[in-house]
Amino acid sequence: MLQQRTLKSLTRAVGVGLHSGQRVEITLRPAQPDTGIVFRRVDLPQPVDIPVSAFAVTDTRMASTLSSGNVKVLTVEHLMSACAGLGVDNMYVDITAEEVPILDGSAASFVYLLQSAGIELQNAPRRFIQLNKPVEVREGQGASEKWARLEPYQGYKLSFEIDFDHPAVDATGQRVVFDMSTGSYSKDIARARTFGFSKDFEVMRANGLALGGGLDNAIVMDDYKVLNSDGLRYDDEFVKHKILDAMGDLYLVGKPLLASYSAFRSGHALNNLLLRELLARTDAWDVVTFEDEKRAPKGFAQLARAW
Ligand SMILES: [Zn+2]
């Protein structure tokens, strides 16, 4: 049987929120089978649980925000991406403020945390959402056109295309395809950092956003070039970060997908719309388990490889 996974032990990290600039501590803890991933605000007088769900996503302007009533957790997508990449099904994320720490701006620190806690198999079958018909969402026309699509596929594959008119981005790949069967999430995707423009950072800071952002946790560009002295981690780091984000956004559906995802200029908002469309189209998917793990798509049965 292809089994669910949780952590072997708990692990902690301290950092700052990208937008709030606030100091925050997260504690990742093991959870029982079928718990899913649950954020728990432990700084409130009464702790509040926010289980991951496509419908808990309430704000997608700068990052993916989850809410339960008026209690929020911002910027969950990089941690969720690491969980998707490593196949963690069940975990509590105790958090002491409103925003997940940005750490180095990629999912690499979360991968390191999850792997240092260790990943344990549980006595329950892993449930996948398997597409059997395509589902698509679109927005805008002409130059502002964006779309995202899920199609049937024996495994999990993501292909993303961006269309940034900037010398530093033009010089790199604007399209990338990643297939989970390669087992190379940690090496090829997780280290891609978030990116932004120095002029936008100034405007955001003036509006009380991106207060924790800077060269330590983002690729920052001016009108011509990348300002980080170490340059890029991958030649196509920009579009790889969009794959990283998409994996995190899509994992908010609560189960791993067996599908081919493709997107053009999508972002947190359209990714969430795609999940809502998927959940509404109950004829387009089934929930499946694998009694014989040899029949599971490649890349899912093995525990994730280290770097
Ligand atoms: Zn991101």
# chains A, B, ... in the order shown; residues from 1 in each chain; ligands from 1

call {"tool": "residues_near_ligand", "arguments": {"ligand": "ligand 1", "cutoff": "10 Å", "atoms": "only C-alpha atoms and all ligand atoms", "output": "short mmCIF file (atom, residue, chain, number, x, y, z; two decimals) with all heavy atoms, in the first residue's frame"}}
result
data_model
loop_
_atom_site.label_atom_id
_atom_site.label_comp_id
_atom_site.auth_asym_id
_atom_site.auth_seq_id
_atom_site.Cartn_x
_atom_site.Cartn_y
_atom_site.Cartn_z
N MET A 62 -0.73 39.11 -2.80
CA MET A 62 0.74 39.07 -2.80
C MET A 62 1.24 37.66 -2.57
O MET A 62 2.37 37.33 -2.86
CB MET A 62 1.28 39.95 -1.67
CG MET A 62 0.72 41.34 -1.62
SD MET A 62 1.17 42.31 -3.05
CE MET A 62 2.93 42.38 -2.82
N ALA A 63 0.38 36.85 -1.95
CA ALA A 63 0.77 35.51 -1.52
C ALA A 63 -0.54 34.78 -1.25
O ALA A 63 -1.60 35.38 -1.37
CB ALA A 63 1.58 35.62 -0.23
N SER A 64 -0.47 33.49 -0.91
CA SER A 64 -1.71 32.79 -0.59
C SER A 64 -1.96 32.87 0.92
O SER A 64 -1.13 32.46 1.72
CB SER A 64 -1.65 31.34 -1.06
OG SER A 64 -1.77 31.31 -2.47
N THR A 75 1.05 33.80 3.38
CA THR A 75 2.27 33.32 2.70
C THR A 75 2.57 31.86 3.06
O THR A 75 3.65 31.52 3.55
CB THR A 75 3.49 34.25 3.01
OG1 THR A 75 3.05 35.60 3.02
CG2 THR A 75 4.57 34.10 1.97
N VAL A 76 1.58 31.00 2.80
CA VAL A 76 1.73 29.58 3.13
C VAL A 76 2.36 28.79 1.99
O VAL A 76 2.72 27.62 2.16
CB VAL A 76 0.36 28.94 3.48
CG1 VAL A 76 -0.26 29.61 4.70
CG2 VAL A 76 -0.61 28.98 2.31
N GLU A 77 2.52 29.42 0.78
CA GLU A 77 2.77 28.61 -0.42
C GLU A 77 4.15 27.95 -0.47
O GLU A 77 4.28 26.86 -1.02
CB GLU A 77 2.51 29.43 -1.69
CG GLU A 77 3.36 30.68 -1.86
CD GLU A 77 2.75 31.93 -1.21
OE1 GLU A 77 1.82 31.80 -0.39
OE2 GLU A 77 3.22 33.04 -1.52
N HIS A 78 5.19 28.56 0.09
CA HIS A 78 6.52 27.93 -0.02
C HIS A 78 6.63 26.71 0.90
O HIS A 78 7.20 25.69 0.51
CB HIS A 78 7.64 28.93 0.27
CG HIS A 78 7.62 30.12 -0.66
ND1 HIS A 78 8.32 31.26 -0.42
CD2 HIS A 78 6.95 30.32 -1.84
CE1 HIS A 78 8.10 32.13 -1.42
NE2 HIS A 78 7.26 31.57 -2.28
N LEU A 79 6.07 26.81 2.09
CA LEU A 79 6.03 25.65 3.00
C LEU A 79 5.16 24.53 2.40
O LEU A 79 5.53 23.36 2.42
CB LEU A 79 5.50 26.08 4.38
CG LEU A 79 5.23 24.97 5.39
CD1 LEU A 79 6.45 24.09 5.63
CD2 LEU A 79 4.75 25.57 6.72
N SER A 81 4.62 24.04 -0.73
CA SER A 81 5.35 23.48 -1.86
C SER A 81 6.33 22.41 -1.39
O SER A 81 6.41 21.32 -1.98
CB SER A 81 6.10 24.61 -2.59
OG SER A 81 6.80 24.11 -3.70
N ILE A 102 9.65 34.02 5.80
CA ILE A 102 10.08 33.94 4.40
C ILE A 102 11.40 33.17 4.28
O ILE A 102 11.71 32.61 3.23
CB ILE A 102 10.15 35.35 3.76
CG1 ILE A 102 10.36 35.28 2.26
CG2 ILE A 102 11.18 36.24 4.43
CD1 ILE A 102 9.24 34.68 1.46
N GLY A 105 13.45 32.86 1.01
CA GLY A 105 12.62 33.24 -0.14
C GLY A 105 12.31 32.09 -1.08
O GLY A 105 11.62 32.26 -2.08
N SER A 106 12.82 30.89 -0.74
CA SER A 106 12.53 29.71 -1.57
C SER A 106 11.88 28.67 -0.67
O SER A 106 11.46 28.98 0.45
CB SER A 106 13.84 29.17 -2.16
OG SER A 106 14.58 28.44 -1.19
N ALA A 107 11.81 27.41 -1.14
CA ALA A 107 11.30 26.33 -0.29
C ALA A 107 12.45 25.52 0.30
O ALA A 107 12.21 24.55 1.03
CB ALA A 107 10.37 25.43 -1.11
N ALA A 192 14.58 27.78 -5.88
CA ALA A 192 14.24 28.98 -6.65
C ALA A 192 13.58 30.02 -5.75
O ALA A 192 12.60 29.74 -5.08
CB ALA A 192 13.33 28.61 -7.82
N ARG A 193 14.13 31.23 -5.75
CA ARG A 193 13.62 32.28 -4.86
C ARG A 193 12.54 33.13 -5.53
O ARG A 193 12.50 33.27 -6.75
CB ARG A 193 14.77 33.22 -4.46
CG ARG A 193 15.76 32.62 -3.52
CD ARG A 193 17.05 33.41 -3.54
NE ARG A 193 17.67 33.36 -4.87
CZ ARG A 193 18.74 34.07 -5.23
NH1 ARG A 193 19.31 34.89 -4.37
NH2 ARG A 193 19.24 33.95 -6.45
N THR A 194 11.76 33.74 -4.68
CA THR A 194 10.78 34.72 -5.11
C THR A 194 11.53 35.93 -5.71
O THR A 194 12.72 36.10 -5.46
CB THR A 194 9.91 35.11 -3.90
OG1 THR A 194 8.77 35.79 -4.34
CG2 THR A 194 10.64 35.96 -2.90
N PHE A 195 10.87 36.71 -6.53
CA PHE A 195 11.58 37.83 -7.16
C PHE A 195 10.71 39.07 -7.24
O PHE A 195 9.49 38.99 -7.16
CB PHE A 195 12.07 37.43 -8.56
CG PHE A 195 10.99 36.94 -9.48
CD1 PHE A 195 10.32 37.80 -10.34
CD2 PHE A 195 10.64 35.59 -9.49
CE1 PHE A 195 9.32 37.33 -11.20
CE2 PHE A 195 9.64 35.12 -10.34
CZ PHE A 195 9.00 35.99 -11.19
N ALA A 218 15.05 37.38 -1.60
CA ALA A 218 14.39 37.57 -2.90
C ALA A 218 15.45 37.91 -3.94
O ALA A 218 16.52 38.42 -3.61
CB ALA A 218 13.38 38.71 -2.83
N PHE A 238 13.56 32.33 -12.25
CA PHE A 238 12.28 33.05 -12.18
C PHE A 238 11.11 32.11 -12.43
O PHE A 238 10.19 31.99 -11.62
CB PHE A 238 12.24 34.19 -13.21
CG PHE A 238 13.39 35.14 -13.09
CD1 PHE A 238 14.50 35.03 -13.92
CD2 PHE A 238 13.38 36.14 -12.13
CE1 PHE A 238 15.57 35.91 -13.80
CE2 PHE A 238 14.44 37.02 -12.00
CZ PHE A 238 15.54 36.90 -12.84
N LYS A 240 11.16 28.88 -12.54
CA LYS A 240 11.16 27.75 -11.59
C LYS A 240 10.47 28.13 -10.29
O LYS A 240 9.81 27.30 -9.65
CB LYS A 240 12.59 27.27 -11.32
CG LYS A 240 13.08 26.35 -12.42
CD LYS A 240 14.37 25.67 -12.09
CE LYS A 240 14.63 24.55 -13.08
NZ LYS A 240 16.04 24.13 -13.06
N HIS A 241 10.60 29.40 -9.87
CA HIS A 241 9.87 29.82 -8.67
C HIS A 241 8.37 29.77 -8.91
O HIS A 241 7.60 29.47 -7.99
CB HIS A 241 10.29 31.21 -8.19
CG HIS A 241 9.66 31.53 -6.87
ND1 HIS A 241 10.15 31.03 -5.68
CD2 HIS A 241 8.53 32.20 -6.55
CE1 HIS A 241 9.35 31.40 -4.69
NE2 HIS A 241 8.37 32.11 -5.20
N LYS A 242 7.93 30.04 -10.14
CA LYS A 242 6.50 29.96 -10.43
C LYS A 242 6.00 28.52 -10.34
O LYS A 242 4.87 28.27 -9.92
CB LYS A 242 6.20 30.54 -11.82
CG LYS A 242 6.62 31.98 -12.00
CD LYS A 242 5.88 32.93 -11.09
CE LYS A 242 4.50 33.25 -11.62
NZ LYS A 242 3.81 34.30 -10.81
N ILE A 243 6.84 27.55 -10.70
CA ILE A 243 6.49 26.13 -10.53
C ILE A 243 6.41 25.82 -9.03
O ILE A 243 5.48 25.14 -8.58
CB ILE A 243 7.55 25.22 -11.21
CG1 ILE A 243 7.52 25.42 -12.72
CG2 ILE A 243 7.40 23.77 -10.77
CD1 ILE A 243 6.84 24.34 -13.52
N LEU A 244 7.40 26.32 -8.28
CA LEU A 244 7.42 26.12 -6.82
C LEU A 244 6.12 26.65 -6.20
O LEU A 244 5.47 25.96 -5.40
CB LEU A 244 8.65 26.84 -6.26
CG LEU A 244 9.00 26.76 -4.78
CD1 LEU A 244 10.48 27.11 -4.58
CD2 LEU A 244 8.15 27.63 -3.89
N ASP A 245 5.76 27.89 -6.57
CA ASP A 245 4.53 28.50 -6.05
C ASP A 245 3.30 27.68 -6.44
O ASP A 245 2.41 27.44 -5.62
CB ASP A 245 4.35 29.92 -6.63
CG ASP A 245 5.08 30.98 -5.85
OD1 ASP A 245 5.50 30.74 -4.69
OD2 ASP A 245 5.24 32.10 -6.40
N ALA A 246 3.25 27.26 -7.71
CA ALA A 246 2.08 26.51 -8.19
C ALA A 246 1.94 25.20 -7.40
O ALA A 246 0.83 24.82 -7.02
CB ALA A 246 2.20 26.22 -9.68
N GLY A 248 2.81 24.67 -4.36
CA GLY A 248 2.30 25.03 -3.04
C GLY A 248 0.82 25.40 -3.10
O GLY A 248 0.02 24.92 -2.30
N ASP A 249 0.46 26.23 -4.08
CA ASP A 249 -0.93 26.66 -4.22
C ASP A 249 -1.85 25.46 -4.48
O ASP A 249 -2.93 25.37 -3.91
CB ASP A 249 -1.07 27.65 -5.39
CG ASP A 249 -0.50 29.02 -5.08
OD1 ASP A 249 -0.30 29.35 -3.89
OD2 ASP A 249 -0.26 29.79 -6.04
N GLY A 267 -0.96 32.86 -11.42
CA GLY A 267 -0.45 33.29 -10.12
C GLY A 267 -1.32 32.69 -9.03
O GLY A 267 -2.15 31.81 -9.30
N HIS A 268 -1.15 33.19 -7.80
CA HIS A 268 -1.89 32.60 -6.66
C HIS A 268 -3.40 32.64 -6.88
O HIS A 268 -4.10 31.70 -6.55
CB HIS A 268 -1.54 33.35 -5.38
CG HIS A 268 -0.07 33.35 -5.10
ND1 HIS A 268 0.67 32.20 -5.00
CD2 HIS A 268 0.80 34.37 -4.90
CE1 HIS A 268 1.93 32.52 -4.75
NE2 HIS A 268 2.04 33.83 -4.69
#

call {"tool": "select_by_dssp", "arguments": {"residues": "stretch 22-83 of chain A", "states": "strand (DSSP E)", "output": "number ranges by chain"}}
result
A: 23-30, 37-41, 48-51, 57-59, 65-68, 71-73

call {"tool": "residues_around", "arguments": {"residues": "stretch 292-297 of chain A", "least_positions_apart": "3", "cutoff": "9 Å", "atoms": "only C-alpha atoms", "output": "PDB file with N, CA and C atoms, in the first residue's frame"}}
result
ATOM      1  N   MET A   1       0.844  -1.195   0.000  1.00  0.00           N
ATOM      2  CA  MET A   1       0.000   0.000   0.000  1.00  0.00           C
ATOM      3  C   MET A   1       0.885   1.253   0.000  1.00  0.00           C
ATOM      4  N   LEU A   2       0.513   2.216  -0.831  1.00  0.00           N
ATOM      5  CA  LEU A   2       1.217   3.506  -0.789  1.00  0.00           C
ATOM      6  C   LEU A   2       0.643   4.297   0.388  1.00  0.00           C
ATOM      7  N   GLN A   3       1.535   4.566   1.369  1.00  0.00           N
ATOM      8  CA  GLN A   3       1.071   5.065   2.666  1.00  0.00           C
ATOM      9  C   GLN A   3       1.154   6.586   2.799  1.00  0.00           C
ATOM     10  N   GLN A 154      -0.639  10.254 -15.969  1.00  0.00           N
ATOM     11  CA  GLN A 154      -0.235   9.201 -15.026  1.00  0.00           C
ATOM     12  C   GLN A 154       0.960   9.679 -14.210  1.00  0.00           C
ATOM     13  N   GLY A 155       0.723  10.547 -13.265  1.00  0.00           N
ATOM     14  CA  GLY A 155       1.816  11.100 -12.478  1.00  0.00           C
ATOM     15  C   GLY A 155       1.487  12.543 -12.174  1.00  0.00           C
ATOM     16  N   TYR A 156       2.514  13.354 -11.952  1.00  0.00           N
ATOM     17  CA  TYR A 156       2.290  14.767 -11.669  1.00  0.00           C
ATOM     18  C   TYR A 156       3.353  15.562 -12.408  1.00  0.00           C
ATOM     19  N   SER A 181       8.272  12.521 -11.406  1.00  0.00           N
ATOM     20  CA  SER A 181       8.908  11.216 -11.571  1.00  0.00           C
ATOM     21  C   SER A 181      10.433  11.319 -11.568  1.00  0.00           C
ATOM     22  N   LEU A 258      -2.876  13.783  -9.290  1.00  0.00           N
ATOM     23  CA  LEU A 258      -2.323  13.019 -10.417  1.00  0.00           C
ATOM     24  C   LEU A 258      -2.876  13.706 -11.657  1.00  0.00           C
ATOM     25  N   THR A 289      -6.404   5.332  -4.471  1.00  0.00           N
ATOM     26  CA  THR A 289      -5.311   4.881  -3.592  1.00  0.00           C
ATOM     27  C   THR A 289      -4.570   3.779  -4.351  1.00  0.00           C
ATOM     28  N   PHE A 300       6.389   8.802  -6.512  1.00  0.00           N
ATOM     29  CA  PHE A 300       5.522   8.911  -5.346  1.00  0.00           C
ATOM     30  C   PHE A 300       5.792   7.856  -4.297  1.00  0.00           C
ATOM     31  N   ALA A 301       6.238   6.680  -4.713  1.00  0.00           N
ATOM     32  CA  ALA A 301       6.433   5.590  -3.759  1.00  0.00           C
ATOM     33  C   ALA A 301       7.700   5.783  -2.927  1.00  0.00           C
TER      34      ALA A 301
END

call {"tool": "closest_residue", "arguments": {"among": "A:Phe55, A:Phe39, A:Phe160, A:Tyr251", "to": "A:Glu98", "atoms": "only C-alpha atoms"}}
result
A:Phe39

call {"tool": "residues_around", "arguments": {"residues": "stretch 208-213 of chain A", "least_positions_apart": "2", "cutoff": "8 Å", "atoms": "only C-alpha atoms", "output": "PyMOL selection string"}}
result
chain A and resi 16-22+201+204-206+215-218

call {"tool": "write_last_selection", "arguments": {"atoms": "all heavy atoms", "output": "short mmCIF file (atom, residue, chain, number, x, y, z; two decimals), in the first residue's frame"}}
result
data_model
loop_
_atom_site.label_atom_id
_atom_site.label_comp_id
_atom_site.auth_asym_id
_atom_site.auth_seq_id
_atom_site.Cartn_x
_atom_site.Cartn_y
_atom_site.Cartn_z
N VAL A 16 11.38 36.05 9.74
CA VAL A 16 10.46 37.20 9.66
C VAL A 16 9.49 36.98 8.51
O VAL A 16 9.80 36.27 7.55
CB VAL A 16 11.21 38.54 9.43
CG1 VAL A 16 12.09 38.90 10.61
CG2 VAL A 16 12.01 38.50 8.14
N GLY A 17 8.31 37.58 8.63
CA GLY A 17 7.33 37.54 7.55
C GLY A 17 7.77 38.49 6.44
O GLY A 17 8.24 39.59 6.73
N LEU A 18 7.59 38.06 5.18
CA LEU A 18 8.00 38.90 4.04
C LEU A 18 7.25 40.23 4.06
O LEU A 18 7.85 41.29 3.88
CB LEU A 18 7.71 38.15 2.73
CG LEU A 18 7.90 38.92 1.43
CD1 LEU A 18 9.34 39.32 1.23
CD2 LEU A 18 7.42 38.08 0.24
N HIS A 19 5.94 40.18 4.26
CA HIS A 19 5.15 41.42 4.17
C HIS A 19 5.08 42.16 5.49
O HIS A 19 5.20 43.38 5.54
CB HIS A 19 3.77 41.11 3.61
CG HIS A 19 3.86 40.63 2.21
ND1 HIS A 19 4.36 41.43 1.21
CD2 HIS A 19 3.61 39.43 1.65
CE1 HIS A 19 4.39 40.75 0.09
NE2 HIS A 19 3.95 39.52 0.32
N SER A 20 4.90 41.41 6.60
CA SER A 20 4.74 42.07 7.90
C SER A 20 6.08 42.51 8.49
O SER A 20 6.13 43.44 9.28
CB SER A 20 4.05 41.11 8.87
OG SER A 20 4.85 39.94 9.04
N GLY A 21 7.17 41.82 8.13
CA GLY A 21 8.46 42.09 8.74
C GLY A 21 8.53 41.64 10.19
O GLY A 21 9.52 41.87 10.89
N GLN A 22 7.45 40.97 10.64
CA GLN A 22 7.31 40.56 12.03
C GLN A 22 8.11 39.29 12.32
O GLN A 22 8.13 38.38 11.48
CB GLN A 22 5.83 40.21 12.22
CG GLN A 22 5.19 40.74 13.44
CD GLN A 22 3.70 40.35 13.46
OE1 GLN A 22 3.14 39.75 12.55
NE2 GLN A 22 3.05 40.71 14.55
N PHE A 201 9.39 47.31 -4.64
CA PHE A 201 9.67 47.17 -3.21
C PHE A 201 9.47 48.51 -2.50
O PHE A 201 8.90 48.57 -1.42
CB PHE A 201 11.11 46.66 -2.97
CG PHE A 201 11.22 45.16 -2.92
CD1 PHE A 201 11.88 44.47 -3.92
CD2 PHE A 201 10.67 44.44 -1.86
CE1 PHE A 201 11.98 43.08 -3.89
CE2 PHE A 201 10.77 43.06 -1.82
CZ PHE A 201 11.42 42.37 -2.83
N MET A 204 5.80 49.17 -2.23
CA MET A 204 5.19 48.26 -1.26
C MET A 204 5.54 48.67 0.16
O MET A 204 4.68 48.69 1.04
CB MET A 204 5.63 46.82 -1.53
CG MET A 204 4.95 46.21 -2.75
SD MET A 204 5.15 44.42 -2.86
CE MET A 204 6.80 44.29 -3.49
N ARG A 205 6.82 49.02 0.39
CA ARG A 205 7.24 49.43 1.74
C ARG A 205 6.47 50.66 2.19
O ARG A 205 6.04 50.75 3.32
CB ARG A 205 8.74 49.71 1.78
CG ARG A 205 9.52 48.42 1.72
CD ARG A 205 10.77 48.45 2.58
NE ARG A 205 11.50 47.23 2.29
CZ ARG A 205 12.45 47.15 1.37
NH1 ARG A 205 12.83 48.23 0.71
NH2 ARG A 205 13.03 46.01 1.13
N ALA A 206 6.28 51.60 1.24
CA ALA A 206 5.54 52.83 1.57
C ALA A 206 4.10 52.48 1.99
O ALA A 206 3.47 53.20 2.75
CB ALA A 206 5.54 53.77 0.38
N LEU A 215 17.45 41.62 -0.21
CA LEU A 215 18.36 40.79 -1.00
C LEU A 215 18.64 39.43 -0.36
O LEU A 215 19.11 38.52 -1.04
CB LEU A 215 19.67 41.55 -1.23
CG LEU A 215 19.55 42.78 -2.15
CD1 LEU A 215 20.75 43.69 -2.01
CD2 LEU A 215 19.36 42.35 -3.60
N ASP A 216 18.34 39.29 0.95
CA ASP A 216 18.57 37.99 1.61
C ASP A 216 17.48 36.98 1.29
O ASP A 216 17.66 35.79 1.53
CB ASP A 216 18.56 38.16 3.14
CG ASP A 216 19.76 38.95 3.61
OD1 ASP A 216 20.75 38.99 2.84
OD2 ASP A 216 19.69 39.51 4.70
N ASN A 217 16.31 37.45 0.84
CA ASN A 217 15.21 36.49 0.66
C ASN A 217 14.44 36.72 -0.64
O ASN A 217 13.31 36.27 -0.78
CB ASN A 217 14.27 36.51 1.86
CG ASN A 217 13.83 37.92 2.23
OD1 ASN A 217 13.65 38.75 1.34
ND2 ASN A 217 13.66 38.17 3.50
N ALA A 218 15.05 37.38 -1.60
CA ALA A 218 14.39 37.57 -2.90
C ALA A 218 15.45 37.91 -3.94
O ALA A 218 16.52 38.42 -3.61
CB ALA A 218 13.38 38.71 -2.83
#

call {"tool": "closest_residue", "arguments": {"among": "A:Val287, A:Val42, A:Ala259, A:Met180", "to": "A:Pro152", "atoms": "only C-alpha atoms"}}
result
A:Ala259

call {"tool": "closest_atom_pairs", "arguments": {"of": "stretch 169-285 of chain A", "to": "stretch 109-112 of chain A", "cutoff": "10 Å", "atoms": "only C-alpha atoms", "output": "CSV"}}
result
residue,atom,partner,partner_atom,distance
A:Tyr185,CA,A:Val111,CA,9.6
A:Ser186,CA,A:Val111,CA,7.0
A:Ala190,CA,A:Val111,CA,7.5
A:Arg191,CA,A:Ser109,CA,8.5

call {"tool": "residues_around", "arguments": {"residues": "A:Asp165", "least_positions_apart": "4", "cutoff": "12 Å", "atoms": "only C-alpha atoms", "output": "list in words"}}
result
Ala143, Val169, Asp170, Ala171, Thr172, Gln174, Asp223 and Tyr224 of chain A

call {"tool": "write_last_selection", "arguments": {"atoms": "C-alpha atoms", "output": "PDB file, in the first residue's frame"}}
result
ATOM      1  CA  ALA A 143      -1.656  40.998 -23.668  1.00  0.00           C
ATOM      2  CA  VAL A 169      14.388  37.605 -17.441  1.00  0.00           C
ATOM      3  CA  ASP A 170      14.543  37.630 -21.262  1.00  0.00           C
ATOM      4  CA  ALA A 171      18.062  36.259 -20.995  1.00  0.00           C
ATOM      5  CA  THR A 172      16.797  33.203 -19.095  1.00  0.00           C
ATOM      6  CA  GLN A 174      10.596  31.731 -19.715  1.00  0.00           C
ATOM      7  CA  ASP A 223      15.227  48.112 -14.780  1.00  0.00           C
ATOM      8  CA  TYR A 224      18.242  46.347 -16.280  1.00  0.00           C
TER       9      TYR A 224
END

call {"tool": "residues_around", "arguments": {"residues": "A:Ile95", "least_positions_apart": "2", "cutoff": "12 Å", "atoms": "only C-alpha atoms", "output": "PyMOL selection string"}}
result
chain A and resi 12-17+23-29+38-44+47-50+72-74+76+92-93+97-101

call {"tool": "residues_around", "arguments": {"residues": "A:Phe264", "least_positions_apart": "6", "cutoff": "12 Å", "atoms": "only C-alpha atoms", "output": "VMD selection string"}}
result
chain A and resid 136 to 140 143 to 149 158 to 164 174 to 176 239 242 to 243 246 270 to 271

call {"tool": "write_last_selection", "arguments": {"atoms": "N, CA, C and O atoms", "output": "CSV table (one decimal), in the first residue's frame"}}
result
chain,number,residue,atom,x,y,z
A,136,GLU,N,-10.1,23.8,-16.8
A,136,GLU,CA,-9.3,25.0,-17.2
A,136,GLU,C,-10.0,26.3,-16.7
A,136,GLU,O,-11.2,26.4,-16.6
A,137,VAL,N,-9.1,27.3,-16.3
A,137,VAL,CA,-9.6,28.6,-16.0
A,137,VAL,C,-8.8,29.6,-16.8
A,137,VAL,O,-7.6,29.4,-17.1
A,138,ARG,N,-9.5,30.7,-17.3
A,138,ARG,CA,-8.9,31.7,-18.1
A,138,ARG,C,-9.3,33.1,-17.6
A,138,ARG,O,-10.3,33.2,-17.0
A,139,GLU,N,-8.4,34.0,-17.9
A,139,GLU,CA,-8.7,35.4,-17.4
A,139,GLU,C,-8.1,36.4,-18.5
A,139,GLU,O,-7.0,36.1,-19.0
A,140,GLY,N,-8.7,37.4,-18.7
A,140,GLY,CA,-8.2,38.5,-19.6
A,140,GLY,C,-8.1,38.1,-21.1
A,140,GLY,O,-8.4,37.0,-21.4
A,143,ALA,N,-2.9,40.9,-24.4
A,143,ALA,CA,-1.7,41.0,-23.7
A,143,ALA,C,-1.9,40.7,-22.2
A,143,ALA,O,-0.9,40.3,-21.5
A,144,SER,N,-3.1,40.7,-21.7
A,144,SER,CA,-3.3,40.4,-20.3
A,144,SER,C,-3.9,39.0,-20.1
A,144,SER,O,-4.3,38.6,-19.0
A,145,GLU,N,-3.8,38.2,-21.2
A,145,GLU,CA,-4.4,36.8,-21.1
A,145,GLU,C,-3.6,36.0,-20.1
A,145,GLU,O,-2.3,36.0,-20.1
A,146,LYS,N,-4.3,35.2,-19.3
A,146,LYS,CA,-3.6,34.2,-18.4
A,146,LYS,C,-4.5,33.0,-18.4
A,146,LYS,O,-5.7,33.1,-18.6
A,147,TRP,N,-3.9,31.8,-18.2
A,147,TRP,CA,-4.7,30.6,-18.0
A,147,TRP,C,-4.0,29.6,-17.2
A,147,TRP,O,-2.8,29.6,-17.1
A,148,ALA,N,-4.7,28.6,-16.7
A,148,ALA,CA,-4.2,27.5,-16.0
A,148,ALA,C,-5.1,26.3,-16.2
A,148,ALA,O,-6.3,26.5,-16.3
A,149,ARG,N,-4.5,25.1,-16.3
A,149,ARG,CA,-5.2,24.0,-16.8
A,149,ARG,C,-4.7,22.7,-16.1
A,149,ARG,O,-3.5,22.6,-15.8
A,158,LEU,N,4.2,19.5,-14.1
A,158,LEU,CA,3.9,20.9,-14.2
A,158,LEU,C,4.6,21.6,-15.3
A,158,LEU,O,5.9,21.4,-15.4
A,159,SER,N,4.0,22.4,-16.1
A,159,SER,CA,4.7,23.2,-17.1
A,159,SER,C,4.2,24.7,-17.0
A,159,SER,O,3.0,24.9,-16.9
A,160,PHE,N,5.1,25.6,-16.9
A,160,PHE,CA,4.8,27.0,-16.6
A,160,PHE,C,5.5,27.9,-17.6
A,160,PHE,O,6.6,27.7,-17.9
A,161,GLU,N,4.7,28.9,-18.1
A,161,GLU,CA,5.4,29.9,-19.0
A,161,GLU,C,5.1,31.3,-18.4
A,161,GLU,O,3.9,31.6,-18.1
A,162,ILE,N,6.1,32.1,-18.3
A,162,ILE,CA,6.0,33.5,-17.9
A,162,ILE,C,6.2,34.3,-19.2
A,162,ILE,O,6.6,33.8,-20.2
A,163,ASP,N,5.9,35.6,-19.1
A,163,ASP,CA,6.1,36.5,-20.2
A,163,ASP,C,6.5,37.8,-19.7
A,163,ASP,O,5.7,38.8,-19.7
A,164,PHE,N,7.7,37.9,-19.1
A,164,PHE,CA,8.2,39.1,-18.5
A,164,PHE,C,9.1,39.8,-19.5
A,164,PHE,O,10.0,39.2,-20.0
A,174,GLN,N,11.9,31.2,-20.2
A,174,GLN,CA,10.6,31.7,-19.7
A,174,GLN,C,9.6,30.6,-19.6
A,174,GLN,O,8.4,30.8,-19.3
A,175,ARG,N,10.1,29.4,-19.9
A,175,ARG,CA,9.2,28.2,-19.8
A,175,ARG,C,9.9,27.1,-19.1
A,175,ARG,O,11.1,26.9,-19.5
A,176,VAL,N,9.3,26.3,-18.2
A,176,VAL,CA,10.0,25.2,-17.7
A,176,VAL,C,8.9,24.1,-17.4
A,176,VAL,O,7.8,24.3,-17.2
A,239,VAL,N,11.2,31.4,-13.6
A,239,VAL,CA,10.0,30.6,-13.9
A,239,VAL,C,10.0,29.3,-13.0
A,239,VAL,O,8.9,28.8,-12.7
A,242,LYS,N,7.9,30.0,-10.1
A,242,LYS,CA,6.5,30.0,-10.4
A,242,LYS,C,6.0,28.5,-10.3
A,242,LYS,O,4.9,28.3,-9.9
A,243,ILE,N,6.8,27.6,-10.7
A,243,ILE,CA,6.5,26.1,-10.5
A,243,ILE,C,6.4,25.8,-9.0
A,243,ILE,O,5.5,25.1,-8.6
A,246,ALA,N,3.2,27.3,-7.7
A,246,ALA,CA,2.1,26.5,-8.2
A,246,ALA,C,1.9,25.2,-7.4
A,246,ALA,O,0.8,24.8,-7.0
A,270,LEU,N,-5.3,32.8,-9.8
A,270,LEU,CA,-5.8,31.9,-10.8
A,270,LEU,C,-5.6,30.4,-10.4
A,270,LEU,O,-6.4,29.6,-10.7
A,271,ASN,N,-4.5,30.1,-9.7
A,271,ASN,CA,-4.3,28.8,-9.2
A,271,ASN,C,-5.4,28.4,-8.2
A,271,ASN,O,-5.9,27.2,-8.3

call {"tool": "select_by_dssp", "arguments": {"residues": "stretch 95-148 of chain A", "states": "alpha helix (DSSP H)", "output": "VMD selection string"}}
result
chain A and resid 108 to 117

call {"tool": "atom_distance", "arguments": {"atom1": "atom CA of A:Pro51", "atom2": "atom CA of A:Gly299"}}
result
26.0 Å
